[in-house]
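Each remark here refers to the structure printed beneath this line.
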Amino acid sequence: MFYKTIDFSRYSSIKVGQPTEVLMIEKGDEIPSDRMIIGGANNLLVSPTPPPLMMLSKDFDEILIDKDQLIIGCATPTGKILSFAKKNDIARFEFVSKLPGTLGGMVAMNAGVKSYEIFNILEAIEINGEWIPKEQIEYGYRFAKLNGVATRVRFSIQKGFDKGLLEELINLRSNQPKTPSAGSAFKNPKGDYAGRLIEAVGLKGVSQGGMQWSEVHANFLVNNGGGTFAEAKYLIDLAKERVFEAFGVELEEEIKVV
């Protein structure tokens, strides 16, 4: 293991944060229990005082075929996974085209698009060095209780990459802003959409300093340049307060605030 200084104002997708020392985990290392694991920082909002952080090194950026199974390291970028599946005619990975970041981040939050979720297709996860079958892990809409650090994931191989489905899912991105963001700020409440609720309380397009509720999609908190943690947190708290007052709905963050 080794330490690496990461400037989250450049590294994170929302471009908020500061240079922070992060412990990089290599193969064979004993994984510390007193640090928070992070991935590609695509749904991360880093405060000025984050907890001790760690990341998987490039040792865990790998894709292996073992007979009829696919084993993927949790530091593997989703773009690499998609390219591999397409090249090798492997089905069920088309939806990762919508999801930036690494496989570890996808697993930790059971990331997905519409009815497609990573837990729908995985078989087992290597957690703290031990393979745990999916059936023994508690998971649901945008959450998974891993009780440790995921390092590799196992899938059964099914042939037939669907290019039509890929195009359909890519087209869904047309309503997402191009401005730096951390993806959806809130989980969709049951039977409703967080973006609709935020827009209904008049916050679509509202800004605080460099941060703004996007004019393209109200559930995206975007950084128009120089946005700070305090400004982002103000808008998140304001949306939760306004939506609860108007609808009695408690919005739950999908973005991870650390």
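Residues in the structure tokens are numbered from 1 in each chain, the chains being A, B, ... in the order shown, and ligands are numbered from 1 in the order shown.
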Exercise for the section: Pull the strand (DSSP E or B) assignments for stretch 29-245 of chain A out of DSSP run on the backbone, and list those residues as a VMD selection string. Expected result: chain A and resid 36 to 37 44 to 45 53 to 56 63 to 66 69 to 73 77 90 102 112 to 113 116 to 117 122 to 127 130 to 133 138 to 140 143 to 145 150 to 156 159 181 to 184 186 207 to 208 211 to 213 220 to 223
Exercise for the section: Could you please write out, as a list in words, every residue of stretch 162-216 of chain A that DSSP assigns to alpha helix (DSSP H)? Expected result: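 Going through stretch 162-216 of chain A, the alpha helix (DSSP H) residues come out as Lys163, Gly164, Leu165, Leu166, Glu167, Glu168, Leu169, Ile170, Asn171, Ala194, Gly195, Arg196, Leu197, Ile198, Glu199 and Ala200 of chain A.
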Export C-alpha atoms of the chosen residues as a compact mmCIF listing (two decimals), in the first residue's frame?
```
# COMPACT_ATOMS: atom_id res chain seq x y z
CA LYS A 163 -26.35 -3.13 -29.67
CA GLY A 164 -29.98 -2.04 -29.99
CA LEU A 165 -30.37 -1.94 -26.22
CA LEU A 166 -27.07 -0.07 -25.95
CA GLU A 167 -28.31 2.66 -28.28
CA GLU A 168 -31.61 2.86 -26.42
CA LEU A 169 -29.83 3.36 -23.09
CA ILE A 170 -27.38 5.89 -24.52
CA ASN A 171 -30.32 7.94 -25.80
CA ALA A 194 -36.83 13.50 -7.20
CA GLY A 195 -36.35 15.80 -10.19
CA ARG A 196 -40.10 16.40 -10.46
CA LEU A 197 -40.33 17.28 -6.77
CA ILE A 198 -37.36 19.65 -6.89
CA GLU A 199 -38.82 21.38 -9.93
CA ALA A 200 -42.27 21.53 -8.31
```
Practice task
Would you list the contacts of A:Leu45 as JSON, numbers by chain, taking every protein, DNA or RNA residue within 12 Å and counting only C-alpha atoms, but skipping same-chain residues closer than 4 positions in sequence?
Solution key: {"A": [8, 9, 11, 12, 13, 14, 15, 16, 17, 18, 38, 40, 41, 49, 50, 180, 181, 182, 183, 185, 221, 222, 223, 227, 228, 229, 230, 231, 232, 233, 236, 253, 254, 255, 256, 257, 258]}
Convert the current residue selection to file output with N, CA and C atoms, as a CSV table (one decimal), in the first residue's frame.
```
chain,number,residue,atom,x,y,z
A,8,PHE,N,-9.4,16.6,-5.3
A,8,PHE,CA,-10.8,16.3,-5.6
A,8,PHE,C,-11.5,17.4,-6.4
A,9,SER,N,-10.9,18.6,-6.4
A,9,SER,CA,-11.5,19.6,-7.3
A,9,SER,C,-11.2,19.3,-8.7
A,11,TYR,N,-10.3,15.7,-9.6
A,11,TYR,CA,-10.6,14.3,-9.8
A,11,TYR,C,-12.1,13.9,-9.7
A,12,SER,N,-12.8,14.5,-8.8
A,12,SER,CA,-14.2,14.2,-8.7
A,12,SER,C,-15.0,14.7,-9.8
A,13,SER,N,-16.1,14.0,-10.1
A,13,SER,CA,-16.9,14.4,-11.3
A,13,SER,C,-17.6,15.8,-11.1
A,14,ILE,N,-17.9,16.1,-9.8
A,14,ILE,CA,-18.5,17.4,-9.5
A,14,ILE,C,-17.5,18.5,-9.3
A,15,LYS,N,-16.2,18.2,-9.3
A,15,LYS,CA,-15.1,19.2,-9.3
A,15,LYS,C,-15.2,20.0,-8.0
A,16,VAL,N,-15.5,19.4,-6.9
A,16,VAL,CA,-15.5,20.0,-5.6
A,16,VAL,C,-14.6,19.2,-4.6
A,17,GLY,N,-13.8,20.0,-3.9
A,17,GLY,CA,-12.9,19.3,-2.9
A,17,GLY,C,-11.5,20.0,-2.9
A,18,GLN,N,-10.6,19.3,-2.3
A,18,GLN,CA,-9.2,19.8,-2.1
A,18,GLN,C,-8.2,18.7,-2.2
A,38,ILE,N,-13.4,4.6,-1.3
A,38,ILE,CA,-14.0,5.3,-2.4
A,38,ILE,C,-13.6,4.8,-3.7
A,40,GLY,N,-14.3,5.9,-8.1
A,40,GLY,CA,-13.9,6.9,-9.1
A,40,GLY,C,-14.4,8.3,-8.8
A,41,ALA,N,-15.0,8.5,-7.6
A,41,ALA,CA,-15.5,9.8,-7.1
A,41,ALA,C,-16.5,10.4,-8.1
A,49,THR,N,-13.3,18.5,5.5
A,49,THR,CA,-12.8,17.6,6.6
A,49,THR,C,-13.3,16.2,6.4
A,50,PRO,N,-12.9,15.5,5.3
A,50,PRO,CA,-13.3,14.1,5.1
A,50,PRO,C,-12.7,13.2,6.1
A,180,PRO,N,-20.2,19.7,-15.1
A,180,PRO,CA,-19.8,18.8,-14.0
A,180,PRO,C,-20.8,18.6,-12.9
A,181,SER,N,-21.1,17.3,-12.6
A,181,SER,CA,-22.1,17.0,-11.5
A,181,SER,C,-21.6,15.6,-10.9
A,182,ALA,N,-22.4,15.2,-9.9
A,182,ALA,CA,-22.1,13.9,-9.3
A,182,ALA,C,-23.3,13.0,-9.6
A,183,GLY,N,-23.9,13.2,-10.8
A,183,GLY,CA,-25.1,12.3,-11.2
A,183,GLY,C,-26.3,12.7,-10.4
A,185,ALA,N,-28.6,13.6,-7.6
A,185,ALA,CA,-28.3,14.0,-6.2
A,185,ALA,C,-29.1,13.2,-5.2
A,221,LEU,N,-27.2,18.3,-9.4
A,221,LEU,CA,-26.5,19.4,-8.8
A,221,LEU,C,-25.2,19.7,-9.6
A,222,VAL,N,-25.1,20.8,-10.3
A,222,VAL,CA,-24.0,21.0,-11.2
A,222,VAL,C,-23.1,22.1,-10.7
A,223,ASN,N,-21.9,22.1,-11.1
A,223,ASN,CA,-20.8,23.0,-10.8
A,223,ASN,C,-20.5,23.9,-12.0
A,227,GLY,N,-17.4,26.1,-7.8
A,227,GLY,CA,-18.4,25.8,-6.7
A,227,GLY,C,-17.7,25.2,-5.5
A,228,THR,N,-18.3,25.4,-4.3
A,228,THR,CA,-17.7,24.9,-3.1
A,228,THR,C,-18.6,23.9,-2.4
A,229,PHE,N,-18.0,23.2,-1.4
A,229,PHE,CA,-18.8,22.2,-0.7
A,229,PHE,C,-19.9,22.9,0.1
A,230,ALA,N,-19.7,24.1,0.7
A,230,ALA,CA,-20.7,24.8,1.4
A,230,ALA,C,-21.9,25.2,0.5
A,231,GLU,N,-21.6,25.6,-0.7
A,231,GLU,CA,-22.6,26.0,-1.6
A,231,GLU,C,-23.4,24.7,-2.0
A,232,ALA,N,-22.8,23.6,-2.3
A,232,ALA,CA,-23.5,22.4,-2.7
A,232,ALA,C,-24.3,21.9,-1.5
A,233,LYS,N,-23.8,21.9,-0.3
A,233,LYS,CA,-24.5,21.4,0.8
A,233,LYS,C,-25.8,22.3,1.1
A,236,ILE,N,-28.5,21.2,-1.4
A,236,ILE,CA,-29.0,19.9,-1.0
A,236,ILE,C,-30.0,20.0,0.2
A,253,GLU,N,-30.3,11.3,-0.1
A,253,GLU,CA,-29.2,11.5,-1.0
A,253,GLU,C,-28.8,10.2,-1.7
A,254,GLU,N,-28.5,10.3,-3.0
A,254,GLU,CA,-27.8,9.3,-3.8
A,254,GLU,C,-26.4,9.7,-3.8
A,255,ILE,N,-26.1,10.9,-3.9
A,255,ILE,CA,-24.7,11.4,-3.8
A,255,ILE,C,-24.2,11.1,-2.4
A,256,LYS,N,-22.9,10.7,-2.4
A,256,LYS,CA,-22.3,10.4,-1.1
A,256,LYS,C,-21.5,11.7,-0.6
A,257,VAL,N,-21.9,12.2,0.6
A,257,VAL,CA,-21.3,13.3,1.2
A,257,VAL,C,-20.3,12.8,2.3
A,258,VAL,N,-19.0,13.2,2.1
A,258,VAL,CA,-18.0,12.7,3.1
A,258,VAL,C,-17.2,13.9,3.6
```
Fill in the blank from the handout: What separates atom CA of A:Phe60 and atom CA of A:Lys187 is a distance of 28.6 Å
Practice task
Quote the spacing between atom CA of A:Gly202 and atom CA of A:Phe143 in Å to one decimal place.
Solution key: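 About the pair atom CA of A:Gly202 and atom CA of A:Phe143: they are 28.7 Å apart.
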Practice task
Write out as a PyMOL selection string the residues lying within 8 Å of A:Ala108, counting only C-alpha atoms and excluding same-chain residues fewer than 5 positions away.
Solution key: chain A and resi 143-146+150
Those selected residues, please, written with C-alpha atoms and delivered as a JSON list (two decimals), in the first residue's frame.
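Resulting contents of out-v4.json:
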```json
[["chain", "number", "residue", "atom", "x", "y", "z"],
["A", 143, "PHE", "CA", -27.88, 0.33, -1.79],
["A", 144, "ALA", "CA", -25.89, -2.74, -0.82],
["A", 145, "LYS", "CA", -24.64, -3.72, 2.62],
["A", 146, "LEU", "CA", -21.27, -5.21, 1.81],
["A", 150, "ALA", "CA", -15.29, -5.39, -2.42]]
```
For stretch 80-88 of chain A, please output as a short mmCIF file (atom, residue, chain, number, x, y, z; two decimals) with N, CA and C atoms, in the first residue's frame all residues within 9 Å (counting only C-alpha atoms; exclusion window: fewer than 3 positions along the same chain).
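Result went into part-v8.cif, see below:
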```cif
data_model
loop_
_atom_site.label_atom_id
_atom_site.label_comp_id
_atom_site.auth_asym_id
_atom_site.auth_seq_id
_atom_site.Cartn_x
_atom_site.Cartn_y
_atom_site.Cartn_z
N ILE A 63 -9.89 -7.74 -15.99
CA ILE A 63 -11.04 -8.53 -16.45
C ILE A 63 -10.51 -9.89 -16.90
N ILE A 72 -14.16 -9.68 -12.61
CA ILE A 72 -13.76 -8.29 -12.87
C ILE A 72 -13.32 -7.63 -11.57
N THR A 76 -11.89 -1.54 -11.95
CA THR A 76 -12.04 -1.50 -13.41
C THR A 76 -13.08 -0.46 -13.82
N PRO A 77 -12.71 0.49 -14.71
CA PRO A 77 -13.67 1.50 -15.16
C PRO A 77 -14.82 0.88 -15.95
N ALA A 91 -23.44 -10.54 -23.13
CA ALA A 91 -24.69 -9.82 -22.87
C ALA A 91 -24.77 -9.30 -21.44
N ARG A 92 -25.75 -8.40 -21.23
CA ARG A 92 -26.20 -7.90 -19.93
C ARG A 92 -25.39 -6.74 -19.37
N PHE A 93 -24.33 -6.34 -20.07
CA PHE A 93 -23.53 -5.21 -19.57
C PHE A 93 -23.82 -3.92 -20.35
N GLU A 94 -24.83 -3.95 -21.21
CA GLU A 94 -25.12 -2.77 -22.03
C GLU A 94 -25.42 -1.54 -21.18
N PHE A 95 -26.07 -1.74 -20.03
CA PHE A 95 -26.53 -0.60 -19.23
C PHE A 95 -25.39 0.17 -18.57
N VAL A 96 -24.19 -0.40 -18.49
CA VAL A 96 -23.10 0.34 -17.84
C VAL A 96 -22.66 1.54 -18.68
N SER A 97 -23.13 1.61 -19.91
CA SER A 97 -22.81 2.78 -20.75
C SER A 97 -23.35 4.06 -20.14
N LEU A 103 -16.32 -0.41 -11.21
CA LEU A 103 -17.23 -1.48 -10.82
C LEU A 103 -17.48 -1.46 -9.30
N LYS A 159 -23.88 -15.02 -23.74
CA LYS A 159 -23.53 -14.44 -25.03
C LYS A 159 -24.68 -13.63 -25.62
N GLY A 160 -24.31 -12.66 -26.46
CA GLY A 160 -25.32 -11.90 -27.19
C GLY A 160 -25.41 -10.44 -26.80
N PHE A 161 -24.32 -9.69 -26.97
CA PHE A 161 -24.33 -8.25 -26.68
C PHE A 161 -25.38 -7.57 -27.56
N ASP A 162 -26.26 -6.78 -26.95
CA ASP A 162 -27.40 -6.19 -27.65
C ASP A 162 -27.10 -4.73 -28.00
N LYS A 163 -26.70 -4.49 -29.25
CA LYS A 163 -26.35 -3.13 -29.67
C LYS A 163 -27.59 -2.23 -29.72
#
```
Problem - atom CA of A:Leu203 to atom CA of A:Asn175, straight-line distance in Å - result: 17.2 Å
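The residue that comes closest to A:Gln158, out of A:Gln69, A:Asn43, A:Asn110, A:Thr78 and on the basis of only C-alpha atoms, is A:Gln69.
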Exercise for the section: Do a neighbour search on A:Glu241 at 12 Å with only C-alpha atoms, toss out local chain neighbours closer than 2 positions, and write the hits as a list in words. Expected result: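 After dropping sequence-adjacent residues, the list is Leu197, Ile198, Val201, Leu203, Tyr234, Leu235, Ile236, Asp237, Leu238, Ala239, Val243, Phe244, Glu245, Ala246, Phe247, Gly248, Val249, Glu250, Leu251 and Glu252 of chain A.
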Considering only C-alpha atoms, return as a PDB file with C-alpha atoms, in the first residue's frame whatever protein or nucleic-acid residues lie within 12 Å of A:Met55, sequence-local ones (same chain, fewer than 2 positions apart) excluded.
```pdb
ATOM      1  CA  MET A   1       0.000   0.000   0.000  1.00  0.00           C
ATOM      2  CA  PHE A   2       1.050   3.568  -0.535  1.00  0.00           C
ATOM      3  CA  TYR A   3      -0.299   7.083  -0.105  1.00  0.00           C
ATOM      4  CA  LYS A   4      -1.382   9.292  -2.976  1.00  0.00           C
ATOM      5  CA  THR A   5      -2.511  12.920  -2.828  1.00  0.00           C
ATOM      6  CA  ILE A   6      -5.689  13.388  -4.871  1.00  0.00           C
ATOM      7  CA  GLU A  21      -4.054  12.092   1.109  1.00  0.00           C
ATOM      8  CA  VAL A  22      -5.619   8.764   0.133  1.00  0.00           C
ATOM      9  CA  LEU A  23      -4.282   5.303   1.001  1.00  0.00           C
ATOM     10  CA  MET A  24      -3.974   3.107  -2.111  1.00  0.00           C
ATOM     11  CA  ILE A  25      -4.614  -0.617  -1.547  1.00  0.00           C
ATOM     12  CA  GLU A  26      -2.576  -3.154  -3.530  1.00  0.00           C
ATOM     13  CA  LYS A  27      -3.072  -6.903  -3.944  1.00  0.00           C
ATOM     14  CA  ILE A  31      -7.386  -3.827   4.176  1.00  0.00           C
ATOM     15  CA  PRO A  32      -7.669  -1.293   7.019  1.00  0.00           C
ATOM     16  CA  ARG A  35     -10.760   4.107   6.528  1.00  0.00           C
ATOM     17  CA  MET A  36     -13.599   4.800   4.103  1.00  0.00           C
ATOM     18  CA  ILE A  37     -13.291   3.167   0.682  1.00  0.00           C
ATOM     19  CA  ILE A  38     -14.002   5.341  -2.362  1.00  0.00           C
ATOM     20  CA  GLY A  39     -13.970   4.635  -6.083  1.00  0.00           C
ATOM     21  CA  GLY A  40     -13.895   6.941  -9.076  1.00  0.00           C
ATOM     22  CA  ALA A  41     -15.514   9.821  -7.138  1.00  0.00           C
ATOM     23  CA  PRO A  52      -9.541   8.937   6.341  1.00  0.00           C
ATOM     24  CA  LEU A  53      -9.958   7.622   2.785  1.00  0.00           C
ATOM     25  CA  SER A  57      -4.994   0.615  -6.802  1.00  0.00           C
ATOM     26  CA  LYS A  58      -4.729  -0.376 -10.454  1.00  0.00           C
ATOM     27  CA  ASP A  59      -3.911  -3.899  -9.205  1.00  0.00           C
ATOM     28  CA  PHE A  60      -7.696  -4.337  -9.127  1.00  0.00           C
ATOM     29  CA  ASP A  61      -8.259  -3.053 -12.659  1.00  0.00           C
ATOM     30  CA  CYS A  74     -13.484  -3.490  -8.599  1.00  0.00           C
ATOM     31  CA  ALA A  75     -11.086  -0.761  -9.792  1.00  0.00           C
ATOM     32  CA  THR A 102     -15.632   1.892 -11.463  1.00  0.00           C
ATOM     33  CA  GLY A 104     -16.628  -1.135  -7.075  1.00  0.00           C
ATOM     34  CA  GLY A 105     -18.688   2.037  -6.942  1.00  0.00           C
ATOM     35  CA  VAL A 149     -14.370  -3.834   0.930  1.00  0.00           C
ATOM     36  CA  ALA A 150     -15.294  -5.389  -2.417  1.00  0.00           C
ATOM     37  CA  THR A 151     -12.250  -6.247  -4.527  1.00  0.00           C
TER      38      THR A 151
END
```
